[in-house]
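Here is model37.csv, consisting of CSV, C-alpha atoms:
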chain,number,residue,atom,x,y,z
A,1,MET,CA,-9.2,33.8,4.9
A,2,ASN,CA,-9.3,33.2,1.1
A,3,ARG,CA,-10.7,30.0,-0.4
A,4,GLU,CA,-7.3,28.5,-1.1
A,5,MET,CA,-6.1,29.0,2.5
A,6,SER,CA,-9.5,27.8,3.8
A,7,SER,CA,-9.1,24.7,1.6
A,8,ALA,CA,-5.6,23.9,2.8
A,9,ALA,CA,-6.7,24.3,6.5
A,10,ALA,CA,-9.7,22.1,6.0
A,11,ARG,CA,-7.6,19.4,4.3
A,12,ALA,CA,-5.1,19.5,7.1
A,13,GLY,CA,-7.9,19.1,9.6
A,14,MET,CA,-9.4,16.2,7.7
A,15,VAL,CA,-6.0,14.4,7.5
A,16,ALA,CA,-5.4,14.9,11.2
A,17,GLU,CA,-8.8,13.4,12.0
A,18,LEU,CA,-8.2,10.4,9.6
A,19,GLN,CA,-4.9,9.8,11.3
A,20,ARG,CA,-6.8,9.4,14.5
A,21,THR,CA,-9.6,7.2,13.1
A,22,VAL,CA,-7.9,5.0,10.5
A,23,ALA,CA,-5.4,2.8,12.2
A,24,GLY,CA,-2.0,2.9,10.7
A,25,LEU,CA,-2.8,5.3,7.9
A,26,PRO,CA,0.4,5.4,5.8
A,27,ASP,CA,2.2,8.7,5.4
A,28,ALA,CA,1.9,8.4,1.6
A,29,ILE,CA,-1.9,8.3,1.8
A,30,GLY,CA,-1.9,11.2,4.2
A,31,ALA,CA,0.2,13.2,1.8
A,32,ALA,CA,-2.1,12.5,-1.1
A,33,LEU,CA,-5.1,13.5,0.9
A,34,SER,CA,-3.3,16.7,1.9
A,35,GLU,CA,-2.4,17.6,-1.6
A,36,ILE,CA,-5.6,16.9,-3.6
A,37,PRO,CA,-8.4,19.5,-3.2
A,38,ARG,CA,-11.6,17.4,-2.6
A,39,GLU,CA,-13.8,20.5,-3.2
A,40,ASP,CA,-12.7,20.6,-6.8
A,41,PHE,CA,-14.4,17.3,-7.4
A,42,LEU,CA,-17.7,18.1,-5.8
A,43,PRO,CA,-20.7,20.2,-6.9
A,44,ALA,CA,-19.8,23.9,-6.8
A,45,GLU,CA,-22.5,24.7,-4.2
A,46,ILE,CA,-20.7,22.5,-1.6
A,47,PRO,CA,-18.9,24.9,0.9
A,48,VAL,CA,-15.2,24.1,1.6
A,49,GLU,CA,-15.8,23.2,5.2
A,50,LEU,CA,-18.5,20.6,4.1
A,51,ALA,CA,-16.2,19.2,1.4
A,52,TYR,CA,-13.9,17.9,4.1
A,53,ALA,CA,-16.6,16.6,6.4
A,54,ASP,CA,-16.6,12.9,6.9
A,55,ARG,CA,-19.7,12.2,4.9
A,56,PRO,CA,-20.5,11.1,1.3
A,57,VAL,CA,-21.8,13.7,-1.2
A,58,THR,CA,-24.4,12.8,-3.8
A,59,LEU,CA,-23.4,13.4,-7.4
A,60,ALA,CA,-26.3,11.9,-9.4
A,61,VAL,CA,-29.8,10.8,-8.5
A,62,GLY,CA,-32.1,8.3,-10.3
A,63,ASP,CA,-35.7,8.8,-11.4
A,64,ASP,CA,-36.8,7.0,-8.2
A,65,GLY,CA,-35.0,9.6,-6.0
A,66,PHE,CA,-32.3,7.0,-5.0
A,67,PRO,CA,-28.7,8.2,-5.5
A,68,LEU,CA,-26.9,6.8,-8.5
A,69,SER,CA,-23.4,8.0,-7.7
A,70,THR,CA,-21.7,9.6,-4.7
A,71,ALA,CA,-18.3,10.8,-3.6
A,72,SER,CA,-17.4,8.4,-0.8
A,73,GLN,CA,-16.8,9.8,2.7
A,74,PRO,CA,-13.1,10.4,3.4
A,75,THR,CA,-12.9,7.7,6.1
A,76,MET,CA,-13.9,5.1,3.6
A,77,VAL,CA,-11.6,6.5,0.9
A,78,ALA,CA,-8.7,6.3,3.3
A,79,ALA,CA,-9.5,2.8,4.5
A,80,MET,CA,-9.7,1.4,1.0
A,81,LEU,CA,-6.5,3.1,-0.1
A,82,GLU,CA,-4.8,1.6,2.9
A,83,GLN,CA,-6.1,-1.8,1.8
A,84,LEU,CA,-5.0,-1.3,-1.8
A,85,ALA,CA,-1.5,-0.3,-0.7
A,86,ALA,CA,-0.6,1.4,-4.0
A,87,GLU,CA,3.1,2.0,-4.7
A,88,PRO,CA,5.0,4.3,-7.0
A,89,GLY,CA,5.1,2.8,-10.5
A,90,ASP,CA,2.0,0.7,-10.2
A,91,ARG,CA,-0.5,0.2,-13.0
A,92,ILE,CA,-4.0,0.6,-11.4
A,93,LEU,CA,-7.5,0.0,-12.7
A,94,GLU,CA,-10.3,1.8,-10.9
A,95,ILE,CA,-13.9,0.7,-11.4
A,96,GLY,CA,-16.2,3.7,-11.0
A,97,THR,CA,-14.7,7.1,-11.6
A,98,ALA,CA,-17.6,9.1,-10.1
A,99,SER,CA,-16.2,12.5,-9.3
A,100,GLY,CA,-12.6,11.6,-10.1
A,101,TYR,CA,-11.3,12.3,-6.6
A,102,ASN,CA,-10.3,8.8,-5.8
A,103,ALA,CA,-8.5,8.5,-9.2
A,104,ALA,CA,-6.6,11.8,-8.4
A,105,LEU,CA,-5.5,10.3,-5.1
A,106,LEU,CA,-4.4,7.1,-6.8
A,107,GLN,CA,-2.4,9.1,-9.4
A,108,HIS,CA,-0.6,10.9,-6.6
A,109,LEU,CA,0.3,7.6,-5.0
A,110,VAL,CA,1.7,5.9,-8.1
A,111,GLY,CA,3.7,9.0,-9.1
A,112,ALA,CA,5.0,9.9,-12.5
A,113,ASP,CA,6.1,6.4,-13.3
A,114,GLY,CA,2.7,4.8,-12.6
A,115,ARG,CA,-0.5,4.8,-14.6
A,116,VAL,CA,-4.1,5.0,-13.4
A,117,TYR,CA,-7.0,3.9,-15.6
A,118,SER,CA,-10.5,4.6,-14.5
A,119,VAL,CA,-13.8,3.3,-16.0
A,120,GLU,CA,-17.2,5.1,-15.5
A,121,ILE,CA,-20.5,3.9,-17.0
A,122,ASP,CA,-22.1,7.4,-16.9
A,123,PRO,CA,-20.7,9.6,-19.7
A,124,SER,CA,-21.5,12.9,-18.0
A,125,LEU,CA,-19.7,11.9,-14.8
A,126,ALA,CA,-16.7,10.6,-16.8
A,127,THR,CA,-16.5,13.9,-18.8
A,128,ALA,CA,-16.7,16.0,-15.7
A,129,ALA,CA,-14.1,13.9,-13.9
A,130,GLU,CA,-11.7,13.9,-16.8
A,131,THR,CA,-12.0,17.7,-17.0
A,132,ARG,CA,-11.2,18.2,-13.3
A,133,LEU,CA,-8.2,15.8,-13.5
A,134,ARG,CA,-6.8,17.5,-16.5
A,135,GLU,CA,-7.1,20.9,-14.9
A,136,LEU,CA,-5.1,19.6,-12.0
A,137,GLY,CA,-2.4,18.2,-14.4
A,138,LEU,CA,-3.1,14.6,-13.4
A,139,PRO,CA,-2.7,12.1,-16.3
A,140,VAL,CA,-5.4,9.7,-15.3
A,141,SER,CA,-6.9,7.8,-18.3
A,142,VAL,CA,-10.7,8.0,-18.0
A,143,HIS,CA,-12.8,5.6,-20.1
A,144,VAL,CA,-16.6,5.5,-20.6
A,145,GLY,CA,-17.9,1.9,-20.3
A,146,ASP,CA,-19.2,-0.8,-18.1
A,147,GLY,CA,-16.7,-1.3,-15.3
A,148,TRP,CA,-17.6,-5.0,-15.2
A,149,ASP,CA,-15.5,-5.5,-18.4
A,150,GLY,CA,-12.4,-3.9,-16.9
A,151,LEU,CA,-10.0,-2.5,-19.5
A,152,PRO,CA,-8.4,-5.4,-21.3
A,153,ALA,CA,-6.4,-3.2,-23.7
A,154,ALA,CA,-4.4,-1.8,-20.7
A,155,ALA,CA,-4.0,-5.1,-18.7
A,156,PRO,CA,-2.4,-6.6,-16.8
A,157,PHE,CA,-2.8,-4.5,-13.7
A,158,ASP,CA,-0.8,-4.5,-10.4
A,159,ARG,CA,-3.9,-3.5,-8.5
A,160,ILE,CA,-7.6,-3.1,-9.2
A,161,ILE,CA,-10.0,-1.1,-7.0
A,162,ALA,CA,-13.8,-1.0,-7.3
A,163,THR,CA,-15.6,2.0,-5.8
A,164,VAL,CA,-19.0,0.5,-6.3
A,165,GLY,CA,-20.7,-2.4,-4.4
A,166,VAL,CA,-20.8,-5.7,-6.2
A,167,PHE,CA,-22.9,-8.9,-5.8
A,168,ASP,CA,-20.3,-11.0,-7.5
A,169,LEU,CA,-16.7,-10.2,-8.6
A,170,SER,CA,-16.2,-9.8,-12.3
A,171,PRO,CA,-14.1,-12.6,-13.9
A,172,ARG,CA,-12.7,-9.9,-16.1
A,173,TRP,CA,-11.1,-8.2,-13.1
A,174,HIS,CA,-9.6,-11.6,-12.1
A,175,ASP,CA,-8.2,-12.2,-15.5
A,176,GLN,CA,-6.8,-8.7,-15.9
A,177,LEU,CA,-5.0,-8.7,-12.5
A,178,ARG,CA,-1.5,-10.1,-12.5
A,179,GLU,CA,-0.6,-13.0,-10.3
A,180,GLY,CA,0.3,-11.7,-6.9
A,181,GLY,CA,-1.7,-8.5,-7.5
A,182,THR,CA,-4.2,-6.9,-5.2
A,183,LEU,CA,-8.0,-6.4,-5.8
A,184,VAL,CA,-10.1,-4.3,-3.4
A,185,ALA,CA,-13.8,-4.4,-3.8
A,186,PRO,CA,-16.9,-3.7,-1.7
A,187,LEU,CA,-18.6,-7.1,-1.8
A,188,TRP,CA,-22.2,-7.6,-0.8
A,189,LEU,CA,-22.6,-11.0,0.6
A,190,ARG,CA,-26.0,-10.6,2.3
A,191,PRO,CA,-27.9,-7.8,4.0
A,192,GLY,CA,-25.7,-6.5,6.8
A,193,ILE,CA,-22.6,-8.1,5.3
A,194,GLU,CA,-21.1,-5.6,2.9
A,195,LEU,CA,-17.3,-5.5,3.2
A,196,SER,CA,-14.5,-3.9,1.4
A,197,VAL,CA,-12.3,-6.9,0.9
A,198,ARG,CA,-8.6,-6.9,0.0
A,199,PHE,CA,-7.9,-9.9,-2.1
A,200,SER,CA,-4.5,-11.2,-3.2
A,201,LYS,CA,-4.4,-13.3,-6.4
A,202,THR,CA,-2.6,-16.5,-5.5
A,203,ASP,CA,-2.5,-19.4,-7.9
A,204,GLY,CA,-5.6,-18.1,-9.7
A,205,VAL,CA,-7.6,-17.8,-6.5
A,206,LEU,CA,-8.5,-14.5,-4.8
A,207,VAL,CA,-7.5,-14.9,-1.1
A,208,GLY,CA,-9.0,-12.4,1.3
A,209,ARG,CA,-6.4,-10.5,3.4
A,210,SER,CA,-8.6,-7.9,5.2
A,211,ALA,CA,-12.2,-6.8,5.4
A,212,VAL,CA,-13.6,-3.4,6.4
A,213,HIS,CA,-17.3,-2.6,7.0
A,214,CYS,CA,-18.7,-0.4,4.2
A,215,ALA,CA,-21.9,0.7,2.4
A,216,PHE,CA,-21.7,1.5,-1.3
A,217,LEU,CA,-24.1,2.2,-4.1
A,218,ARG,CA,-24.3,-0.8,-6.5
A,219,LEU,CA,-22.6,-1.5,-9.8
A,220,ARG,CA,-24.8,-0.4,-12.7
A,221,GLY,CA,-25.2,-2.0,-16.1
A,222,GLU,CA,-26.3,-5.4,-17.3
A,223,HIS,CA,-24.1,-7.2,-14.7
A,224,ALA,CA,-25.6,-5.5,-11.7
A,225,GLY,CA,-26.7,-8.1,-9.2
A,226,PRO,CA,-30.1,-8.6,-7.5
A,227,ASP,CA,-28.6,-7.1,-4.3
A,228,SER,CA,-29.7,-3.6,-5.3
A,229,TYR,CA,-32.2,-1.8,-3.0
A,230,ARG,CA,-35.7,-2.5,-4.4
A,231,SER,CA,-38.4,0.1,-4.1
A,232,ILE,CA,-41.4,-0.7,-1.9
A,233,THR,CA,-42.9,2.8,-1.9
A,234,ASP,CA,-41.5,6.2,-3.0
A,235,THR,CA,-39.6,6.4,0.3
A,236,GLN,CA,-39.2,2.8,1.4
A,237,PHE,CA,-36.6,0.4,0.1
A,238,ALA,CA,-35.5,-3.2,0.8
A,239,THR,CA,-32.6,-5.5,0.1
A,240,CYS,CA,-32.6,-9.3,0.4
A,241,GLU,CA,-30.7,-12.2,-1.2
A,242,GLY,CA,-33.5,-13.4,-3.4
A,243,LEU,CA,-36.0,-10.5,-3.7
A,244,SER,CA,-37.7,-11.5,-7.0
A,245,ALA,CA,-40.6,-9.5,-8.4
A,246,GLN,CA,-43.0,-11.9,-6.9
A,247,ARG,CA,-41.4,-11.8,-3.4
A,248,LEU,CA,-41.3,-8.1,-3.6
A,249,ASN,CA,-45.0,-8.0,-4.2
A,250,THR,CA,-45.5,-10.3,-1.2
A,251,LEU,CA,-43.4,-7.9,0.9
A,252,ARG,CA,-45.4,-4.9,-0.2
A,253,ALA,CA,-48.6,-6.7,0.7
A,254,LEU,CA,-47.3,-7.7,4.1
A,255,LEU,CA,-46.1,-4.2,5.0
A,256,ALA,CA,-49.5,-2.8,4.0
A,257,THR,CA,-51.1,-4.9,6.9
A,258,THR,CA,-51.2,-4.0,10.5
A,259,PRO,CA,-48.4,-5.8,12.4
A,260,THR,CA,-48.4,-7.4,15.8
A,261,THR,CA,-45.9,-5.4,17.9
A,262,GLU,CA,-43.8,-6.3,20.9
A,263,PRO,CA,-40.7,-5.0,22.7
A,264,ILE,CA,-37.3,-5.6,21.2
A,265,PRO,CA,-35.7,-8.8,22.5
A,266,THR,CA,-32.2,-8.9,23.9
A,267,LEU,CA,-29.9,-8.7,21.0
A,268,SER,CA,-26.1,-9.3,20.7
A,269,GLU,CA,-23.9,-7.1,18.6
A,270,HIS,CA,-23.7,-8.3,15.0
A,271,TRP,CA,-26.8,-10.4,15.5
A,272,PHE,CA,-28.3,-9.5,12.1
A,273,ALA,CA,-25.1,-10.0,10.1
A,274,THR,CA,-24.7,-13.4,11.7
A,275,LEU,CA,-28.4,-14.2,10.9
A,276,ALA,CA,-27.9,-13.1,7.3
A,277,LEU,CA,-24.7,-15.1,6.9
A,278,HIS,CA,-26.6,-18.4,7.6
A,279,ASP,CA,-30.1,-17.5,6.3
A,280,PRO,CA,-30.6,-16.0,2.8
A,281,ARG,CA,-34.1,-14.9,3.7
A,282,ALA,CA,-32.6,-12.1,6.0
A,283,ILE,CA,-34.0,-8.7,4.9
A,284,GLN,CA,-33.2,-5.1,5.5
A,285,VAL,CA,-35.9,-2.4,5.1
A,286,PHE,CA,-35.3,1.3,5.3
A,287,THR,CA,-37.3,4.4,5.0
A,288,LEU,CA,-35.9,7.7,3.8
A,289,ALA,CA,-36.3,10.1,6.7
A,290,ASP,CA,-34.2,12.2,8.9
A,291,PRO,CA,-32.7,10.1,10.4
A,292,VAL,CA,-33.1,7.1,8.1
A,293,ASP,CA,-35.4,4.4,9.7
A,294,ILE,CA,-33.8,1.0,9.3
A,295,SER,CA,-35.3,-2.4,10.2
A,296,PHE,CA,-33.8,-5.9,10.1
A,297,GLY,CA,-35.4,-9.3,10.1
A,298,LEU,CA,-36.6,-12.3,8.1
A,299,LEU,CA,-39.0,-12.6,5.1
A,300,ASP,CA,-40.6,-16.0,4.6
A,301,ALA,CA,-42.4,-15.2,1.4
A,302,ASP,CA,-43.5,-18.8,0.9
A,303,GLN,CA,-45.4,-18.7,4.2
A,304,HIS,CA,-46.5,-15.1,3.8
A,305,SER,CA,-44.7,-14.1,6.9
A,306,LEU,CA,-42.4,-11.2,7.9
A,307,VAL,CA,-40.7,-10.1,11.1
A,308,LEU,CA,-38.8,-6.8,11.4
A,309,ILE,CA,-36.8,-5.3,14.3
A,310,GLY,CA,-36.5,-1.5,14.3
A,311,ALA,CA,-36.2,1.3,16.7
A,312,ASP,CA,-39.9,1.2,17.5
A,313,GLY,CA,-39.8,-2.5,18.5
A,314,LEU,CA,-40.4,-5.9,16.9
A,315,ARG,CA,-43.1,-6.1,14.3
A,316,SER,CA,-44.6,-9.3,12.9
A,317,TYR,CA,-46.7,-9.4,9.7
A,318,GLY,CA,-48.7,-12.2,8.3
A,319,GLY,CA,-48.2,-15.8,9.5
A,320,PRO,CA,-46.0,-16.8,12.5
A,321,SER,CA,-43.2,-18.7,10.7
A,322,ALA,CA,-40.7,-15.8,10.4
A,323,ARG,CA,-41.1,-14.8,14.0
A,324,ASN,CA,-40.7,-18.4,15.2
A,325,GLU,CA,-37.6,-19.0,13.1
A,326,LEU,CA,-36.1,-15.7,14.3
A,327,ASN,CA,-36.6,-16.9,17.9
A,328,ILE,CA,-34.8,-20.1,17.2
A,329,ALA,CA,-31.9,-18.4,15.4
A,330,LEU,CA,-31.4,-15.9,18.2
A,331,ALA,CA,-31.4,-18.6,20.8
A,332,GLN,CA,-28.7,-20.6,18.9
A,333,MET,CA,-26.6,-17.7,17.7
A,334,HIS,CA,-22.9,-17.2,18.2
A,335,PRO,CA,-22.5,-13.7,16.8
A,336,VAL,CA,-19.4,-12.8,14.7
A,337,ASP,CA,-18.2,-9.5,13.5
A,338,PRO,CA,-18.2,-9.6,9.7
A,339,ALA,CA,-14.9,-7.6,9.6
A,340,GLN,CA,-13.3,-10.7,11.2
A,341,LEU,CA,-14.5,-13.0,8.4
A,342,THR,CA,-11.9,-14.6,6.1
A,343,ILE,CA,-13.2,-14.7,2.5
A,344,THR,CA,-11.7,-16.7,-0.4
A,345,ALA,CA,-13.1,-16.2,-3.9
A,346,THR,CA,-12.6,-19.2,-6.2
A,347,PRO,CA,-13.6,-18.9,-9.9
A,348,ILE,CA,-16.7,-21.1,-10.5
A,349,ASP,CA,-15.0,-23.1,-13.3
A,350,GLN,CA,-12.3,-24.3,-10.9
A,351,PRO,CA,-12.8,-27.6,-9.0
A,352,GLU,CA,-15.1,-27.3,-6.0
A,353,PRO,CA,-13.1,-27.5,-2.7
A,354,PRO,CA,-13.9,-30.3,-0.2
A,355,PRO,CA,-16.9,-29.7,2.1
A,356,PRO,CA,-16.1,-27.5,5.1
A,357,ASP,CA,-15.2,-29.4,8.2
A,358,SER,CA,-16.7,-26.8,10.5
A,359,GLU,CA,-20.1,-25.2,11.0
A,360,SER,CA,-18.2,-21.9,11.2
A,361,THR,CA,-17.5,-22.1,7.5
A,362,VAL,CA,-20.2,-20.9,5.0
A,363,THR,CA,-20.1,-21.2,1.2
A,364,ILE,CA,-22.1,-18.7,-1.0
A,365,VAL,CA,-22.2,-19.6,-4.7
A,366,ARG,CA,-22.7,-16.9,-7.2
A,367,ARG,CA,-22.5,-17.0,-11.0
A,368,HIS,CA,-18.8,-16.4,-11.4
A,369,PHE,CA,-17.2,-17.1,-8.0
A,370,ARG,CA,-17.6,-19.4,-5.1
A,371,TYR,CA,-17.1,-17.5,-1.8
A,372,THR,CA,-15.8,-19.6,1.1
A,373,ILE,CA,-16.3,-17.6,4.3
A,374,ASN,CA,-14.7,-18.6,7.5
A,375,ALA,CA,-16.6,-17.3,10.5
A,376,ARG,CA,-14.4,-18.4,13.3
A,377,ARG,CA,-14.8,-16.2,16.3

Could you rewrite the structure in this file as C-alpha cells?
Amino acid sequence: MNREMSSAAARAGMVAELQRTVAGLPDAIGAALSEIPREDFLPAEIPVELAYADRPVTLAVGDDGFPLSTASQPTMVAAMLEQLAAEPGDRILEIGTASGYNAALLQHLVGADGRVYSVEIDPSLATAAETRLRELGLPVSVHVGDGWDGLPAAAPFDRIIATVGVFDLSPRWHDQLREGGTLVAPLWLRPGIELSVRFSKTDGVLVGRSAVHCAFLRLRGEHAGPDSYRSITDTQFATCEGLSAQRLNTLRALLATTPTTEPIPTLSEHWFATLALHDPRAIQVFTLADPVDISFGLLDADQHSLVLIGADGLRSYGGPSARNELNIALAQMHPVDPAQLTITATPIDQPEPPPPDSESTVTIVRRHFRYTINARR
C-alpha cells in the first residue's frame, strides 16, 4: 500500500474512532478530519500510522526539556471543533497556529466564503505552518505575533478559538468577538481544573455553555500567567495558583527532606479538582518518567508544610498543617466533576455581581476577568 492510500485508510480509521468517542460529532467535522492529511503537518519522521494515533505530537522543546508546542491529540481537536461549531462563511481567529493542522480543519469548515486568521508567537512554527497550508491550497492567513493581542485589523470575528492554555482570558479577544459570537479556550482555573470552555458573548459578558476536560501547554509571551509548570529539578515540575519564587524554593526544600508516608486514604472521584476549586494552595507535582508520575495535594508554604498523594501513597513533608487541613477537606467534601461546572467570565471593569447565595458558587478573580463558577452537583 502506497503512502497516499495508507494515509487515507488511517484517516478513515481515526474518524471512525472519533465518531465512537466524541458524542454527537457533526458530519462536517468528520468530513474535515477525513480530508486534511494530519501527517503533512507533523515532523517528517512520524510514520503515517502514528500520525493518526490519539496522542499529541511534540513540535518544539524549550531549554529545560519541557515542550513548548505540540499538535493536540485528535480527540481534543475534535471536541474543541464541536464546541466552536464553525459554519460556512464564518470569520475565525485562531490563537496558536502551531503545526497549522487545526487552522486547516477550520478553513475546511468555513469554506470558500469564510476566512481563518491564525496567530503564532514562534516565527519558525508560523513559517512552517504557512508553507504547509499554502501547499494544500488553503488560504489561511498566518500572522507572527503575541496571540494575546488577537488581530484587531481583521476584527470583528464570529468565532475565536485558543489552542493554548490560559490563566486569564484576553480582553482583546473579548473586544474582537462580535456580540453573540463564540469563544473557545482552554482555561486553567486551578490545578486539576483545566477546561476547554465554550463561551457565548451575551451583553458583553462571556457566558459558559459547555466545558470539556483538557490539558494544554500554556500561552507564551509577556501575558503568560503564573499557572505554568515550574521546574523543581531537571525532571520534576509543579503547578499551583500562587507559586512565587519564594514558595517554589520552599517547595524544593520540602521535597528534599524525607517524608512521613502512609497508605492512600479513601478518595472520591474528582476529589482533587474539588479541593483545588476551594483552596488556592492545592498543588500538582509531576516527574517526567514512563509513565509520568503525578502527585496531588496541598502546599502550606507559610507553615513549611506539604502533603502529596501519589501512586506510592500519602507523603507528608515538614510540619503537620497541610496534612491536617487535607483531612478536614476530605471529610467535608462533596466532589463535583469540573466538566459539570458553569463558568461565567465578566470583564473586571464591569460592576461586581451580588455575592453568591450558595456555597456551591465560587468566584476567582484574575487581572482581566472575574470568573463565577457554579459548582452545583

Selection near segment 254-261 of chain A, 8 Å with only C-alpha atoms, sequence-local residues under 5 positions removed, as an mmCIF file with C-alpha atoms, keeping the file's coordinate frame:
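File produced: part_5.cif:
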data_model
loop_
_atom_site.group_PDB
_atom_site.id
_atom_site.type_symbol
_atom_site.label_atom_id
_atom_site.label_comp_id
_atom_site.auth_asym_id
_atom_site.auth_seq_id
_atom_site.Cartn_x
_atom_site.Cartn_y
_atom_site.Cartn_z
ATOM 1 C CA HIS A 304 -46.500 -15.100 3.800
ATOM 2 C CA SER A 305 -44.700 -14.100 6.900
ATOM 3 C CA LEU A 306 -42.400 -11.200 7.900
ATOM 4 C CA GLY A 313 -39.800 -2.500 18.500
ATOM 5 C CA LEU A 314 -40.400 -5.900 16.900
ATOM 6 C CA ARG A 315 -43.100 -6.100 14.300
ATOM 7 C CA SER A 316 -44.600 -9.300 12.900
ATOM 8 C CA TYR A 317 -46.700 -9.400 9.700
ATOM 9 C CA GLY A 318 -48.700 -12.200 8.300
#

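With atom CA of Ala215 of chain A on one side and atom CA of Tyr229 of chain A on the other, the separation reads 11.9 Å.
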
>> For a cutoff of 9 Å around the file-coordinate point (-30.3, -3.7, 4.3), which residues qualify once you count all atoms listed in the file? I'd like the result as an MDAnalysis selection string.
In response: chainID A and resid 190:193 229 237:240 282:286 294:296

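Restricting the calculation to all atoms listed in the file, the smallest distance between Val207 of chain A and any of A:Arg20, A:Arg370, A:His143, A:His334 is found for A:Arg370.
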
> Residues at most 12 Å from Gln350 of chain A, counting only C-alpha atoms, excluding those fewer than 3 positions away in the same chain, as a ChimeraX atom specification?
Replying inline: /A:203-205,345-347,353,368-370

Select from segment 40-86 of chain A every residue with an atom at most 9 Å from any atom of segment 22-36 of chain A, then for each give the shortest pair of atoms and their distance in Å to one decimal, using all atoms listed in the file, rows by chain and rising number, as a tab-separated table.
residue	atom	partner	partner_atom	distance
A:Asp40	CA	A:Ile36	CA	8.6
A:Pro74	CA	A:Leu33	CA	8.9
A:Thr75	CA	A:Val22	CA	7.2
A:Ala78	CA	A:Ile29	CA	7.2
A:Ala79	CA	A:Val22	CA	6.6
A:Leu81	CA	A:Ile29	CA	7.2
A:Glu82	CA	A:Leu25	CA	6.5
A:Ala85	CA	A:Pro26	CA	8.9

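Minimum atom-to-atom distance to Pro123 of chain A, evaluated using all atoms listed in the file, belongs to A:Gly96 out of A:Gly96, A:Gly13, A:Pro47, A:Gly242.
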
>> Given the point (-17.6, 3.8, -7.0) in the coordinates of this file, which residues lie within 10 Å, counting all atoms listed in the file, and how would they look as an MDAnalysis selection string?
In response: chainID A and resid 68:72 94:100 102 119:120 147 161:165 185:186 216:219

For segment 68-80 of chain A, supply N, CA, C and O atoms and report the output as a PDB file, in the frame of the given file.
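Produced file out.pdb, reproduced below:
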ATOM      1  N   LEU A  68     -27.562   7.612  -7.516  1.00  0.00           N
ATOM      2  CA  LEU A  68     -26.900   6.800  -8.500  1.00  0.00           C
ATOM      3  C   LEU A  68     -25.379   6.788  -8.332  1.00  0.00           C
ATOM      4  O   LEU A  68     -24.689   5.832  -8.679  1.00  0.00           O
ATOM      5  N   SER A  69     -24.865   7.901  -7.832  1.00  0.00           N
ATOM      6  CA  SER A  69     -23.400   8.000  -7.700  1.00  0.00           C
ATOM      7  C   SER A  69     -23.138   9.011  -6.538  1.00  0.00           C
ATOM      8  O   SER A  69     -23.841  10.016  -6.383  1.00  0.00           O
ATOM      9  N   THR A  70     -22.120   8.688  -5.750  1.00  0.00           N
ATOM     10  CA  THR A  70     -21.700   9.600  -4.700  1.00  0.00           C
ATOM     11  C   THR A  70     -20.189   9.660  -4.618  1.00  0.00           C
ATOM     12  O   THR A  70     -19.486   8.777  -5.131  1.00  0.00           O
ATOM     13  N   ALA A  71     -19.710  10.713  -3.991  1.00  0.00           N
ATOM     14  CA  ALA A  71     -18.300  10.800  -3.600  1.00  0.00           C
ATOM     15  C   ALA A  71     -18.227  10.201  -2.194  1.00  0.00           C
ATOM     16  O   ALA A  71     -18.880  10.686  -1.274  1.00  0.00           O
ATOM     17  N   SER A  72     -17.464   9.135  -2.036  1.00  0.00           N
ATOM     18  CA  SER A  72     -17.400   8.400  -0.800  1.00  0.00           C
ATOM     19  C   SER A  72     -16.890   9.306   0.358  1.00  0.00           C
ATOM     20  O   SER A  72     -16.114  10.240   0.124  1.00  0.00           O
ATOM     21  N   GLN A  73     -17.299   8.998   1.592  1.00  0.00           N
ATOM     22  CA  GLN A  73     -16.800   9.800   2.700  1.00  0.00           C
ATOM     23  C   GLN A  73     -15.319   9.528   2.905  1.00  0.00           C
ATOM     24  O   GLN A  73     -14.797   8.430   2.628  1.00  0.00           O
ATOM     25  N   PRO A  74     -14.566  10.531   3.341  1.00  0.00           N
ATOM     26  CA  PRO A  74     -13.100  10.400   3.400  1.00  0.00           C
ATOM     27  C   PRO A  74     -12.613   9.229   4.253  1.00  0.00           C
ATOM     28  O   PRO A  74     -11.596   8.624   3.899  1.00  0.00           O
ATOM     29  N   THR A  75     -13.320   8.858   5.327  1.00  0.00           N
ATOM     30  CA  THR A  75     -12.900   7.700   6.100  1.00  0.00           C
ATOM     31  C   THR A  75     -12.825   6.454   5.279  1.00  0.00           C
ATOM     32  O   THR A  75     -11.871   5.665   5.357  1.00  0.00           O
ATOM     33  N   MET A  76     -13.866   6.250   4.449  1.00  0.00           N
ATOM     34  CA  MET A  76     -13.900   5.100   3.600  1.00  0.00           C
ATOM     35  C   MET A  76     -12.858   5.112   2.516  1.00  0.00           C
ATOM     36  O   MET A  76     -12.214   4.108   2.192  1.00  0.00           O
ATOM     37  N   VAL A  77     -12.672   6.292   1.946  1.00  0.00           N
ATOM     38  CA  VAL A  77     -11.600   6.500   0.900  1.00  0.00           C
ATOM     39  C   VAL A  77     -10.275   6.089   1.478  1.00  0.00           C
ATOM     40  O   VAL A  77      -9.522   5.321   0.871  1.00  0.00           O
ATOM     41  N   ALA A  78      -9.956   6.603   2.660  1.00  0.00           N
ATOM     42  CA  ALA A  78      -8.700   6.300   3.300  1.00  0.00           C
ATOM     43  C   ALA A  78      -8.489   4.860   3.605  1.00  0.00           C
ATOM     44  O   ALA A  78      -7.418   4.272   3.389  1.00  0.00           O
ATOM     45  N   ALA A  79      -9.544   4.246   4.136  1.00  0.00           N
ATOM     46  CA  ALA A  79      -9.500   2.800   4.500  1.00  0.00           C
ATOM     47  C   ALA A  79      -9.224   1.943   3.301  1.00  0.00           C
ATOM     48  O   ALA A  79      -8.417   1.006   3.349  1.00  0.00           O
ATOM     49  N   MET A  80      -9.897   2.236   2.185  1.00  0.00           N
ATOM     50  CA  MET A  80      -9.700   1.400   1.000  1.00  0.00           C
ATOM     51  C   MET A  80      -8.360   1.648   0.341  1.00  0.00           C
ATOM     52  O   MET A  80      -7.747   0.717  -0.200  1.00  0.00           O
TER      53      MET A  80
END
